[in-house]
Amino acid sequence: MSAEAGAAAGSLPIALDAAGGDHGAVPNVEGAVLAARAGVSVLLVGERVALHAELGKFPGSAALPLEIVDASDVIGMDEHASDVRSRTGASINICTRLVKEGRAAAAVSMGHSGATMASALLTFGRIKGVERPAILTHLPARGGMTTLLDAGANADVKASYYAQWARLATVYLKVLEDQDNPTVGLLSIGEEDHKGSALVIEAHALLRGLHGQGIKFHGNVEGRDIFLGTTDIVVTDGFTGNVVLKLAEGEAKVMFGWIRDALNSGLKSKLGGLLVRGSLRGLADRMDPSTYGASILIGVKGLAFIGHGGANATAVKNALLRAARAHEGRLLPRLEVAFGEGAAPLTGTEG
């Protein structure tokens, strides 16, 4: 199906940076095939010959809503994000241009995260009223998940960013997770209002003043609250958020390694392991980053999703499904409405 045909049918395809990531085309093409079988149209952006060869490994792929868009250049994982300015033919730049031109609903990349952020920001610009976009991600928590932002886009922040991100995340959860009135927590070193750095205290006062005006502010939360599910949303700076994310991923791997070692430590342990295998598999699925596929760069005037460089086909598929759902739920227009005329000001100098 062509991009134009998809538009005519009312459902634009998702542009996938099929050359991006640690493993190149292999998981990207397989993930696109899985998503296409689930009903999502995909534009595979990358080197045409290589992508055709990879698609040929999947019987029946010619009948799926998949189209290849040629891109001879790709920004490698060890290259500079600033290269997006000069390398207009790079796969990620073609993806974001397809969205900007209305030929694709969203851009998805498992490639260079910095390059994806830079390309999205340069191509789309920011939603009016948003000073800095943020990476919004999900972490498994008691009772479901906790939405965390910023997960790495902004190491240095201002108090007003927290309020803007809280509103962005609130709308996101309403659209994609059907949560009517999600709660917002501000990550700090204590629950008390006066705890935290000068920046956190300033952000707390701003968020508290906006409670009930599009934001349901719970107050300060501590690191443990992220996994206890104390609030639906946790806002923090990108430096701290990225550390939290990597710590959680690393701890999950270590924990499952301990469990595996314990269950293989003797005959009785191995027999017990057989009995709990199904339950452990379900737990592993809940803690697997591929469950959510990719994180959205929220706050830009276009849909852009950023995945792990080492993503597998399942992660790619789920990222494409999430991107399609965001488009179908009109996430971007609803975010713009949330920051439109009449909305409560989200800066420390207004209101």
# chains A, B, ... in the order shown; residues from 1 in each chain; ligands from 1
>>> residues_around(residues="stretch 220-232 of chain A", least_positions_apart="2", cutoff="7 Å", atoms="only C-alpha atoms", output="ChimeraX atom specification")
/A:140-143,145-147,182-193,218,234
>>> select_by_dssp(residues="stretch 205-256 of chain A", states="alpha helix (DSSP H)", output="count of residues only")
30
>>> closest_residue(among="A:Val130, A:Ile135, A:Ala153, A:Val45", to="A:Leu66", atoms="only C-alpha atoms")
A:Val45
>>> closest_residue(among="A:Leu263, A:Val69, A:Ala35, A:Ala62", to="A:Ala19", atoms="only C-alpha atoms")
A:Val69
>>> residues_around(residues="A:Leu122", least_positions_apart="6", cutoff="12 Å", atoms="only C-alpha atoms", output="compact mmCIF listing (two decimals) with C-alpha atoms, in the first residue's frame")
# COMPACT_ATOMS: atom_id res chain seq x y z
CA ALA A 81 23.39 13.63 16.79
CA SER A 82 24.24 16.98 15.20
CA ASP A 83 24.85 15.15 11.91
CA VAL A 84 21.11 15.34 11.23
CA ARG A 85 21.58 18.96 10.17
CA SER A 86 23.81 18.15 7.22
CA THR A 88 19.37 15.24 4.92
CA ILE A 92 15.76 9.19 10.36
CA ASN A 93 15.51 12.52 8.53
CA THR A 96 10.45 12.74 10.10
CA ARG A 97 10.01 14.47 6.72
CA LYS A 100 5.90 16.55 8.28
CA ALA A 115 19.72 11.89 16.29
CA THR A 116 16.04 10.95 16.49
CA PRO A 133 10.14 18.23 24.71
CA VAL A 300 7.12 18.27 19.51
CA LYS A 301 4.55 19.01 16.77
CA GLY A 302 4.70 15.50 15.39
>>> residues_around(residues="stretch 306-314 of chain A", least_positions_apart="3", cutoff="9 Å", atoms="only C-alpha atoms", output="ChimeraX atom specification")
/A:20-23,26-32,34,77,107-113,116-117,135,289-291,293-297,317-319
>>> select_by_dssp(residues="stretch 88-313 of chain A", states="strand (DSSP E)", output="PyMOL selection string")
chain A and resi 106-109+134-141+144-149+183-187+216-221+233-235+295-298+304-306
>>> atom_distance(atom1="atom CA of A:Gly250", atom2="atom CA of A:Ala134")
22.2 Å
>>> atom_distance(atom1="atom CA of A:Gly76", atom2="atom CA of A:Ala50")
16.6 Å
>>> atom_distance(atom1="atom CA of A:Leu303", atom2="atom CA of A:Ala324")
9.7 Å
